[in-house]
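J.: Supplied structure: entry19.cif, mmCIF, C-alpha atoms.
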data_final
#
loop_
_atom_site.group_PDB
_atom_site.id
_atom_site.type_symbol
_atom_site.label_atom_id
_atom_site.label_comp_id
_atom_site.auth_asym_id
_atom_site.auth_seq_id
_atom_site.Cartn_x
_atom_site.Cartn_y
_atom_site.Cartn_z
ATOM 1 C CA MET A 1 0.000 0.000 0.000
ATOM 2 C CA GLU A 2 2.911 2.402 -0.585
ATOM 3 C CA ASN A 3 0.767 4.467 -2.973
ATOM 4 C CA PHE A 4 -1.809 5.182 -0.273
ATOM 5 C CA THR A 5 -2.294 8.943 0.278
ATOM 6 C CA PRO A 6 -4.928 9.274 3.038
ATOM 7 C CA VAL A 7 -4.407 12.966 3.859
ATOM 8 C CA SER A 8 -4.715 14.384 0.341
ATOM 9 C CA ALA A 9 -7.582 11.927 -0.256
ATOM 10 C CA VAL A 10 -9.610 13.233 2.686
ATOM 11 C CA ILE A 11 -8.835 16.899 1.876
ATOM 12 C CA GLY A 12 -9.755 16.421 -1.787
ATOM 13 C CA GLY A 13 -12.841 14.459 -0.805
ATOM 14 C CA ALA A 14 -13.956 17.191 1.616
ATOM 15 C CA LEU A 15 -13.697 19.775 -1.191
ATOM 16 C CA ILE A 16 -15.840 17.568 -3.433
ATOM 17 C CA GLY A 17 -18.343 17.247 -0.574
ATOM 18 C CA LEU A 18 -18.301 21.017 -0.060
ATOM 19 C CA SER A 19 -19.030 21.497 -3.751
ATOM 20 C CA ALA A 20 -21.991 19.105 -3.532
ATOM 21 C CA ALA A 21 -23.302 20.742 -0.336
ATOM 22 C CA LEU A 22 -23.079 24.259 -1.804
ATOM 23 C CA LEU A 23 -24.721 23.323 -5.084
ATOM 24 C CA TRP A 24 -27.596 21.698 -3.184
ATOM 25 C CA LEU A 25 -28.115 24.384 -0.519
ATOM 26 C CA MET A 26 -27.771 27.352 -2.870
ATOM 27 C CA ASN A 27 -29.098 26.101 -6.222
ATOM 28 C CA GLY A 28 -30.989 22.970 -5.225
ATOM 29 C CA ARG A 29 -29.006 20.900 -7.712
ATOM 30 C CA ILE A 30 -27.277 17.542 -7.403
ATOM 31 C CA ALA A 31 -23.534 17.615 -8.162
ATOM 32 C CA GLY A 32 -23.697 14.519 -10.341
ATOM 33 C CA ILE A 33 -21.313 14.919 -13.248
ATOM 34 C CA SER A 34 -22.997 12.494 -15.644
ATOM 35 C CA GLY A 35 -26.356 14.144 -14.933
ATOM 36 C CA ILE A 36 -25.024 17.676 -15.379
ATOM 37 C CA LEU A 37 -23.297 16.784 -18.652
ATOM 38 C CA GLY A 38 -25.983 14.437 -20.006
ATOM 39 C CA GLY A 39 -28.749 16.884 -19.118
ATOM 40 C CA LEU A 40 -27.161 19.570 -21.308
ATOM 41 C CA ALA A 41 -28.750 18.092 -24.426
ATOM 42 C CA ARG A 42 -32.313 18.707 -23.297
ATOM 43 C CA ALA A 43 -31.657 21.752 -21.105
ATOM 44 C CA ARG A 44 -32.850 25.182 -22.184
ATOM 45 C CA HIS A 45 -31.703 28.727 -21.386
ATOM 46 C CA GLU A 46 -31.271 29.069 -17.654
ATOM 47 C CA ASP A 47 -31.051 25.339 -17.012
ATOM 48 C CA ARG A 48 -28.201 25.257 -19.498
ATOM 49 C CA THR A 49 -26.235 28.178 -17.999
ATOM 50 C CA TRP A 50 -25.582 26.663 -14.560
ATOM 51 C CA ARG A 51 -24.534 23.357 -16.154
ATOM 52 C CA ILE A 52 -22.003 25.048 -18.428
ATOM 53 C CA ALA A 53 -20.669 27.176 -15.551
ATOM 54 C CA PHE A 54 -20.186 24.109 -13.344
ATOM 55 C CA LEU A 55 -18.484 22.107 -16.092
ATOM 56 C CA ALA A 56 -16.224 25.050 -16.958
ATOM 57 C CA GLY A 57 -15.070 25.226 -13.329
ATOM 58 C CA LEU A 58 -14.579 21.472 -13.170
ATOM 59 C CA ILE A 59 -12.444 21.442 -16.314
ATOM 60 C CA ALA A 60 -10.431 24.568 -15.434
ATOM 61 C CA ALA A 61 -9.610 23.737 -11.792
ATOM 62 C CA PRO A 62 -7.013 20.956 -12.269
ATOM 63 C CA LEU A 63 -5.143 23.041 -14.850
ATOM 64 C CA LEU A 64 -5.123 26.054 -12.489
ATOM 65 C CA TYR A 65 -3.993 23.784 -9.651
ATOM 66 C CA SER A 66 -1.128 22.399 -11.741
ATOM 67 C CA LEU A 67 0.101 25.977 -12.261
ATOM 68 C CA VAL A 68 0.506 26.617 -8.531
ATOM 69 C CA ALA A 69 1.351 23.134 -7.218
ATOM 70 C CA SER A 70 3.689 20.626 -8.743
ATOM 71 C CA SER A 71 1.736 17.563 -9.770
ATOM 72 C CA ALA A 72 2.766 14.376 -11.513
ATOM 73 C CA PRO A 73 1.402 13.693 -15.006
ATOM 74 C CA ILE A 74 -1.488 11.254 -15.274
ATOM 75 C CA THR A 75 -1.058 7.667 -16.435
ATOM 76 C CA ILE A 76 -3.638 6.279 -18.840
ATOM 77 C CA ALA A 77 -3.946 3.334 -21.222
ATOM 78 C CA SER A 78 -3.324 4.345 -24.833
ATOM 79 C CA SER A 79 -5.325 1.749 -26.797
ATOM 80 C CA PRO A 80 -7.994 3.659 -28.794
ATOM 81 C CA LEU A 81 -10.235 0.569 -28.837
ATOM 82 C CA LEU A 82 -10.124 0.333 -25.057
ATOM 83 C CA LEU A 83 -10.655 4.096 -24.612
ATOM 84 C CA ILE A 84 -13.632 4.142 -26.971
ATOM 85 C CA SER A 85 -15.318 1.040 -25.521
ATOM 86 C CA ALA A 86 -14.830 2.327 -21.992
ATOM 87 C CA GLY A 87 -16.156 5.782 -22.895
ATOM 88 C CA LEU A 88 -19.260 4.362 -24.595
ATOM 89 C CA LEU A 89 -20.005 2.098 -21.612
ATOM 90 C CA VAL A 90 -19.500 4.899 -19.084
ATOM 91 C CA GLY A 91 -21.682 7.316 -21.084
ATOM 92 C CA PHE A 92 -24.527 4.887 -21.739
ATOM 93 C CA GLY A 93 -24.351 3.157 -18.343
ATOM 94 C CA THR A 94 -24.367 6.321 -16.237
ATOM 95 C CA ARG A 95 -27.394 7.675 -18.099
ATOM 96 C CA LEU A 96 -29.288 4.375 -17.891
ATOM 97 C CA GLY A 97 -28.431 3.962 -14.211
ATOM 98 C CA GLY A 98 -29.188 7.616 -13.461
ATOM 99 C CA GLY A 99 -25.792 8.578 -12.044
ATOM 100 C CA CYS A 100 -22.107 7.953 -11.565
ATOM 101 C CA THR A 101 -19.526 8.098 -8.791
ATOM 102 C CA SER A 102 -20.561 11.652 -7.868
ATOM 103 C CA GLY A 103 -24.360 11.565 -8.263
ATOM 104 C CA HIS A 104 -24.906 8.135 -6.715
ATOM 105 C CA GLY A 105 -21.600 7.596 -4.912
ATOM 106 C CA VAL A 106 -21.324 10.963 -3.166
ATOM 107 C CA CYS A 107 -24.657 12.823 -3.248
ATOM 108 C CA GLY A 108 -26.949 9.766 -3.213
ATOM 109 C CA ILE A 109 -25.156 8.061 -0.361
ATOM 110 C CA ALA A 110 -25.015 11.343 1.569
ATOM 111 C CA ARG A 111 -28.824 11.521 1.175
ATOM 112 C CA LEU A 112 -29.092 7.842 2.220
ATOM 113 C CA SER A 113 -30.862 6.954 -1.020
ATOM 114 C CA ARG A 114 -31.403 3.217 -1.386
ATOM 115 C CA ARG A 115 -31.139 3.466 -5.172
ATOM 116 C CA SER A 116 -27.742 5.131 -4.872
ATOM 117 C CA LEU A 117 -26.455 2.615 -2.334
ATOM 118 C CA VAL A 118 -27.384 -0.236 -4.690
ATOM 119 C CA ALA A 119 -25.975 1.523 -7.770
ATOM 120 C CA THR A 120 -22.690 2.313 -6.002
ATOM 121 C CA ALA A 121 -22.290 -1.283 -4.800
ATOM 122 C CA VAL A 122 -22.991 -2.564 -8.328
ATOM 123 C CA PHE A 123 -20.589 -0.273 -10.199
ATOM 124 C CA MET A 124 -17.814 -0.725 -7.622
ATOM 125 C CA LEU A 125 -18.164 -4.478 -7.818
ATOM 126 C CA SER A 126 -18.340 -4.675 -11.613
ATOM 127 C CA ALA A 127 -15.335 -2.353 -11.952
ATOM 128 C CA MET A 128 -13.321 -4.465 -9.506
ATOM 129 C CA VAL A 129 -14.192 -7.644 -11.400
ATOM 130 C CA VAL A 130 -13.109 -6.058 -14.696
ATOM 131 C CA VAL A 131 -9.801 -4.834 -13.232
ATOM 132 C CA PHE A 132 -9.168 -8.246 -11.733
ATOM 133 C CA LEU A 133 -9.812 -9.981 -15.063
ATOM 134 C CA MET A 134 -7.663 -7.471 -16.975
ATOM 135 C CA ARG A 135 -4.712 -7.643 -14.588
ATOM 136 C CA HIS A 136 -4.765 -11.146 -13.184
ATOM 137 C CA GLY A 137 -7.249 -13.032 -15.340
ATOM 138 C CA LEU A 138 -7.176 -14.388 -18.856
ATOM 139 C CA GLY A 139 -5.572 -11.343 -20.450
ATOM 140 C CA ALA A 140 -2.658 -11.181 -18.016
ATOM 141 C CA MET B 1 -22.892 37.083 -13.713
ATOM 142 C CA PRO B 2 -26.155 35.996 -11.997
ATOM 143 C CA PRO B 3 -25.589 34.584 -8.456
ATOM 144 C CA ARG B 4 -26.746 31.096 -9.440
ATOM 145 C CA THR B 5 -24.321 30.907 -12.348
ATOM 146 C CA LEU B 6 -21.453 32.202 -10.209
ATOM 147 C CA LEU B 7 -22.252 29.653 -7.501
ATOM 148 C CA SER B 8 -22.218 26.855 -10.096
ATOM 149 C CA LEU B 9 -18.844 27.998 -11.368
ATOM 150 C CA VAL B 10 -17.428 28.053 -7.815
ATOM 151 C CA ALA B 11 -18.894 24.600 -7.098
ATOM 152 C CA GLY B 12 -17.348 23.264 -10.308
ATOM 153 C CA LEU B 13 -13.961 24.747 -9.385
ATOM 154 C CA LEU B 14 -14.112 23.203 -5.892
ATOM 155 C CA PHE B 15 -15.072 19.842 -7.356
ATOM 156 C CA GLY B 16 -12.226 19.911 -9.867
ATOM 157 C CA LEU B 17 -9.764 21.079 -7.210
ATOM 158 C CA GLY B 18 -10.849 18.197 -4.974
ATOM 159 C CA LEU B 19 -10.264 15.723 -7.792
ATOM 160 C CA ALA B 20 -6.841 17.231 -8.517
ATOM 161 C CA ILE B 21 -5.655 17.315 -4.873
ATOM 162 C CA SER B 22 -6.821 13.749 -4.224
ATOM 163 C CA ARG B 23 -5.270 12.652 -7.573
ATOM 164 C CA MET B 24 -8.543 11.050 -8.665
ATOM 165 C CA ILE B 25 -7.883 12.674 -12.058
ATOM 166 C CA ASP B 26 -5.202 10.008 -12.557
ATOM 167 C CA PRO B 27 -6.721 6.761 -13.891
ATOM 168 C CA ALA B 28 -3.726 4.801 -12.540
ATOM 169 C CA LYS B 29 -4.585 5.963 -9.011
ATOM 170 C CA VAL B 30 -8.230 4.908 -9.432
ATOM 171 C CA LEU B 31 -7.228 1.514 -10.857
ATOM 172 C CA GLY B 32 -4.944 1.105 -7.833
ATOM 173 C CA PHE B 33 -8.081 1.206 -5.705
ATOM 174 C CA LEU B 34 -10.140 -1.062 -7.953
ATOM 175 C CA ASP B 35 -7.367 -3.687 -8.018
ATOM 176 C CA ILE B 36 -7.967 -5.201 -4.605
ATOM 177 C CA SER B 37 -5.819 -8.253 -5.249
ATOM 178 C CA GLY B 38 -2.721 -6.305 -6.250
ATOM 179 C CA ASN B 39 -0.855 -3.558 -4.440
ATOM 180 C CA TRP B 40 -4.076 -2.076 -3.071
ATOM 181 C CA ASP B 41 -4.394 1.706 -2.688
ATOM 182 C CA PRO B 42 -7.413 2.550 -0.454
ATOM 183 C CA SER B 43 -7.225 6.306 -1.249
ATOM 184 C CA LEU B 44 -10.462 6.401 -3.275
ATOM 185 C CA ALA B 45 -12.429 5.110 -0.273
ATOM 186 C CA PHE B 46 -11.012 8.003 1.791
ATOM 187 C CA VAL B 47 -12.009 10.481 -0.932
ATOM 188 C CA MET B 48 -15.542 9.075 -0.888
ATOM 189 C CA ALA B 49 -15.685 9.126 2.927
ATOM 190 C CA GLY B 50 -14.531 12.761 3.048
ATOM 191 C CA ALA B 51 -16.937 13.793 0.304
ATOM 192 C CA VAL B 52 -19.939 11.926 1.723
ATOM 193 C CA SER B 53 -19.453 13.313 5.260
ATOM 194 C CA VAL B 54 -19.287 16.941 4.136
ATOM 195 C CA ALA B 55 -22.089 16.523 1.583
ATOM 196 C CA ALA B 56 -24.283 14.841 4.223
ATOM 197 C CA VAL B 57 -24.078 17.989 6.381
ATOM 198 C CA GLY B 58 -25.258 20.004 3.381
ATOM 199 C CA PHE B 59 -28.189 17.682 2.724
ATOM 200 C CA ARG B 60 -29.157 17.663 6.426
ATOM 201 C CA LEU B 61 -29.198 21.476 6.430
ATOM 202 C CA GLY B 62 -31.156 21.420 3.178
ATOM 203 C CA ALA B 63 -33.793 19.115 4.654
ATOM 204 C CA ARG B 64 -34.747 21.889 7.097
ATOM 205 C CA ARG B 65 -35.453 24.343 4.295
ATOM 206 C CA ALA B 66 -38.447 24.622 1.995
ATOM 207 C CA ARG B 67 -36.258 25.775 -0.867
ATOM 208 C CA PRO B 68 -32.586 26.455 -1.682
ATOM 209 C CA LEU B 69 -31.226 29.964 -1.168
ATOM 210 C CA LEU B 70 -30.953 30.903 -4.845
ATOM 211 C CA ASP B 71 -33.706 28.860 -6.488
ATOM 212 C CA MET B 72 -37.424 28.184 -6.056
ATOM 213 C CA ASP B 73 -37.142 24.413 -5.597
ATOM 214 C CA PHE B 74 -34.804 21.549 -4.858
ATOM 215 C CA HIS B 75 -34.273 19.542 -8.037
ATOM 216 C CA GLY B 76 -33.175 16.213 -6.608
ATOM 217 C CA SER B 77 -34.452 12.848 -7.753
ATOM 218 C CA THR B 78 -37.511 11.561 -5.904
ATOM 219 C CA ARG B 79 -37.312 8.059 -7.352
ATOM 220 C CA THR B 80 -37.007 5.254 -4.820
ATOM 221 C CA ALA B 81 -37.474 2.008 -6.796
ATOM 222 C CA VAL B 82 -34.441 -0.201 -7.295
ATOM 223 C CA ASP B 83 -35.246 -1.270 -10.852
ATOM 224 C CA ARG B 84 -33.580 -3.015 -13.747
ATOM 225 C CA PRO B 85 -32.277 0.099 -15.567
ATOM 226 C CA LEU B 86 -30.569 1.220 -12.352
ATOM 227 C CA VAL B 87 -28.763 -2.081 -11.866
ATOM 228 C CA VAL B 88 -27.952 -2.722 -15.545
ATOM 229 C CA GLY B 89 -26.798 0.884 -16.019
ATOM 230 C CA ALA B 90 -24.574 0.758 -12.936
ATOM 231 C CA ALA B 91 -23.086 -2.571 -14.062
ATOM 232 C CA LEU B 92 -22.299 -1.234 -17.570
ATOM 233 C CA PHE B 93 -20.805 1.919 -16.087
ATOM 234 C CA GLY B 94 -18.650 -0.167 -13.754
ATOM 235 C CA ILE B 95 -17.302 -2.232 -16.644
ATOM 236 C CA GLY B 96 -16.293 0.914 -18.542
ATOM 237 C CA TRP B 97 -14.828 2.445 -15.389
ATOM 238 C CA GLY B 98 -12.705 -0.631 -14.751
ATOM 239 C CA LEU B 99 -11.406 -0.785 -18.339
ATOM 240 C CA ILE B 100 -9.633 2.601 -18.161
ATOM 241 C CA GLY B 101 -10.063 4.015 -14.666
ATOM 242 C CA TYR B 102 -12.067 7.059 -15.748
ATOM 243 C CA CYS B 103 -15.520 7.966 -14.475
ATOM 244 C CA PRO B 104 -17.224 11.134 -15.821
ATOM 245 C CA GLY B 105 -15.869 13.693 -13.302
ATOM 246 C CA PRO B 106 -12.162 12.853 -13.516
ATOM 247 C CA ALA B 107 -12.386 12.405 -17.291
ATOM 248 C CA LEU B 108 -13.718 15.950 -17.767
ATOM 249 C CA ALA B 109 -11.423 17.365 -15.089
ATOM 250 C CA SER B 110 -8.291 16.077 -16.837
ATOM 251 C CA LEU B 111 -9.239 17.321 -20.328
ATOM 252 C CA LEU B 112 -6.742 20.195 -20.155
ATOM 253 C CA LEU B 113 -3.869 18.168 -18.748
ATOM 254 C CA GLY B 114 -2.514 17.487 -22.211
ATOM 255 C CA ARG B 115 -3.414 13.876 -22.969
ATOM 256 C CA ARG B 116 -5.032 12.927 -26.275
ATOM 257 C CA GLU B 117 -6.431 9.773 -24.621
ATOM 258 C CA THR B 118 -8.671 11.875 -22.363
ATOM 259 C CA TRP B 119 -10.322 13.505 -25.391
ATOM 260 C CA ILE B 120 -10.927 10.146 -27.067
ATOM 261 C CA PHE B 121 -12.550 8.817 -23.882
ATOM 262 C CA VAL B 122 -14.700 11.930 -23.357
ATOM 263 C CA ALA B 123 -15.859 11.949 -26.995
ATOM 264 C CA ALA B 124 -16.902 8.291 -26.700
ATOM 265 C CA MET B 125 -18.602 9.006 -23.369
ATOM 266 C CA ILE B 126 -20.689 11.803 -24.893
ATOM 267 C CA LEU B 127 -21.556 9.482 -27.788
ATOM 268 C CA GLY B 128 -22.652 6.858 -25.236
ATOM 269 C CA MET B 129 -24.883 9.450 -23.554
ATOM 270 C CA ALA B 130 -26.374 10.400 -26.932
ATOM 271 C CA ALA B 131 -26.970 6.707 -27.674
ATOM 272 C CA HIS B 132 -28.889 6.426 -24.425
ATOM 273 C CA ARG B 133 -31.050 9.404 -25.370
ATOM 274 C CA LEU B 134 -31.872 7.713 -28.665
ATOM 275 C CA TYR B 135 -32.586 4.431 -26.892
ATOM 276 C CA GLU B 136 -34.901 6.182 -24.438
ATOM 277 C CA ARG B 137 -36.838 7.856 -27.253
ATOM 278 C CA ARG B 138 -37.312 4.597 -29.125
ATOM 279 C CA ALA B 139 -38.438 2.879 -25.929
ATOM 280 C CA ALA B 140 -40.981 5.673 -25.373
ATOM 281 C CA VAL B 141 -42.293 5.305 -28.943
ATOM 282 C CA SER B 142 -42.681 1.536 -28.659
ATOM 283 C CA ARG B 143 -44.418 1.948 -25.298
ATOM 284 C CA ARG B 144 -46.907 4.338 -26.912
ATOM 285 C CA GLN B 145 -47.454 1.969 -29.826
ATOM 286 C CA GLY B 146 -47.870 -0.926 -27.385
ATOM 287 C CA SER B 147 -50.519 0.889 -25.405
ATOM 288 C CA GLU B 148 -52.373 1.832 -28.617
ATOM 289 C CA ALA B 149 -52.424 -1.783 -29.740
ATOM 290 C CA THR B 150 -54.015 -3.050 -26.565
#
Represent the structure contained in this file as structure tokens.

T.:
Amino acid sequence: MENFTPVSAVIGGALIGLSAALLWLMNGRIAGISGILGGLARARHEDRTWRIAFLAGLIAAPLLYSLVASSAPITIASSPLLLISAGLLVGFGTRLGGGCTSGHGVCGIARLSRRSLVATAVFMLSAMVVVFLMRHGLGA
Amino acid sequence: MPPRTLLSLVAGLLFGLGLAISRMIDPAKVLGFLDISGNWDPSLAFVMAGAVSVAAVGFRLGARRARPLLDMDFHGSTRTAVDRPLVVGAALFGIGWGLIGYCPGPALASLLLGRRETWIFVAAMILGMAAHRLYERRAAVSRRQGSEAT
């Protein structure tokens, strides 16, 4: 477990929680990224503005952070086939299941929603099975 | 800028900052959590615990109010049924998440960090969302036709 970074994890997590709490208390919106992005297609005028503002902040923040703090580059698989299949599954699955790690995993669990507890257990488990198969299973 | 828009921008910045500080924008870090049989990295669970505890305070405070401070209503989901779309959708999402280590937030948050792979993933993710919209429309049409036939 030498990669374990509990302090930065809790601080980062608290900021994510603060974001979700603010968005709910002030705007009455759920900070679920797949919902905010996916809802853009059918959103009109005012409903569109807050979504774009949130996404702009989300996208800009890590770049701004990298300007003030030294941070290691990210490591990601390069296979286009893998990237495309994963992206399609994440896009379709989060919309069908009504949320992702933020909407179900953070906001839903914080609201003690049974749907979100089930969804989070299911996507955690299926992701762990996939990683196990990819790293230690048939492909390895 | 209207207060609601400004608040959304600030919330987005905080969310992205949280992902950057906790390194959840790095798929390798996320895969280190999902790989429980390898050199396990529990960080993601600590991110979730931190996020859920702070968010829970916000939702508890919200429960005492009739409406949010800057809007007329709360817009949260009121659905309670654990149904098939929820479970199938979550399972499909989990498969995609495990393949690369990106879920929607970190994927968007790392768009400007200079990797072509992020853009490929995000483009496919948006396509997947569009495919779901199409699928939903077709399902609605066939439901209407079904109810007309009976």

J.: Return the single residue from A:Arg48, A:Arg42, A:His104, A:Arg95 that is closest to chain B, with distances computed using all atoms listed in the file.

T.: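 Of A:Arg48, A:Arg42, A:His104, A:Arg95, the one nearest chain B, counting all atoms listed in the file, is A:Arg95.
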
J.: Running the PyMOL selection byres ((chain B and resi 70) around 8) on this model by hand, what would come out? Give it as an mmCIF file with C-alpha atoms, keeping the file's coordinate frame.

T.:
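Below you can see result-v9.cif, which holds the result:
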data_model
loop_
_atom_site.group_PDB
_atom_site.id
_atom_site.type_symbol
_atom_site.label_atom_id
_atom_site.label_comp_id
_atom_site.auth_asym_id
_atom_site.auth_seq_id
_atom_site.Cartn_x
_atom_site.Cartn_y
_atom_site.Cartn_z
ATOM 1 C CA MET A 26 -27.771 27.352 -2.870
ATOM 2 C CA ASN A 27 -29.098 26.101 -6.222
ATOM 3 C CA GLY A 28 -30.989 22.970 -5.225
ATOM 4 C CA PRO B 3 -25.589 34.584 -8.456
ATOM 5 C CA ARG B 4 -26.746 31.096 -9.440
ATOM 6 C CA PRO B 68 -32.586 26.455 -1.682
ATOM 7 C CA LEU B 69 -31.226 29.964 -1.168
ATOM 8 C CA ASP B 71 -33.706 28.860 -6.488
ATOM 9 C CA MET B 72 -37.424 28.184 -6.056
#

J.: Please evaluate the PyMOL selection byres ((chain A and resi 50) around 9) against the structure above and give the resulting residues as a VMD selection string.

T.: (chain A and resid 46 to 49 51 to 55) or (chain B and resid 4 to 9)

J.: When distances are computed from only C-alpha atoms, which of A:Gly38, A:Ser79, A:Pro62, A:Thr120 shows the smallest separation from A:Gly108?

T.: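 Closest to A:Gly108 of all the choices is A:Thr120.
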
J.: Taking the file above as input, evaluate the PyMOL selection byres ((chain B and resi 94) around 6) and report the hits as a list in words.

T.: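 Those residues are Phe123, Ser126 and Ala127 of chain A; Ala91, Leu92, Phe93, Ile95, Gly96 and Trp97 of chain B.
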
J.: With only C-alpha atoms as the atoms that count, which of B:Tyr102, B:Trp119, B:Phe74, B:Tyr135 lies nearest to chain A?

T.: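 Closest to chain A, using only C-alpha atoms: B:Phe74.
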
J.: Near B:Gly58, counting all atoms listed in the file, which residues have an atom at most 9 Å away, once you skip same-chain residues fewer than 5 positions from it, shown as a ChimeraX atom specification?

T.: /A:17-18,20-22,24-25,110 /B:63

J.: With 10 Å as the threshold, what does the neighbourhood of (-9.8, 3.8, -10.2) contain in terms of residues, counting all atoms listed in the file? Coordinates are those of the file; answer as a ChimeraX atom specification.

T.: /A:124,127-128,131 /B:24-35,41,43-44,97-103,106

J.: What is the distance, in Å and to one decimal place, between atom CA of A:Ser19 and atom CA of B:Leu14?

T.: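 We find that atom CA of A:Ser19 and atom CA of B:Leu14 lie 5.6 Å from each other.
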
J.: Nearest residue to chain B out of A:Gly99, A:Gly91, A:Pro80, A:Gly137, using all atoms listed in the file?

T.: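 Closest residue, counting all atoms listed in the file: A:Gly91.
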
J.: Which distance in Å separates atom CA of A:Ile33 and atom CA of B:Gly105, to one decimal?

T.: 5.6 Å

J.: Return the single residue from A:Leu67, A:Val10, A:Leu112, A:Ala41 that is closest to chain B, with distances computed using only C-alpha atoms.

T.: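 When distances to chain B are compared using only C-alpha atoms, the smallest one comes from A:Val10.
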
J.: Using only C-alpha atoms, which residue out of A:Val90, A:Leu81, A:Met134, A:Ile36 lies closest to chain B?

T.: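 With only C-alpha atoms as the atom set, the closest residue is A:Val90.
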
J.: How big is the axis-aligned box around the listed atoms of stretch 108-116 of chain A once 6 Å is added on each side, and where is its centre? Give both in Å to one decimal, as AutoDock Vina command-line options.

T.:
--center_x -28.2 --center_y 7.4 --center_z -1.5 --size_x 18.4 --size_y 20.3 --size_z 19.4

J.: Between atom CA of B:Ala55 and atom CA of A:Arg114, what distance in Å does the model show, to one decimal?

T.: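 Between these atoms lies a distance of 16.5 Å.
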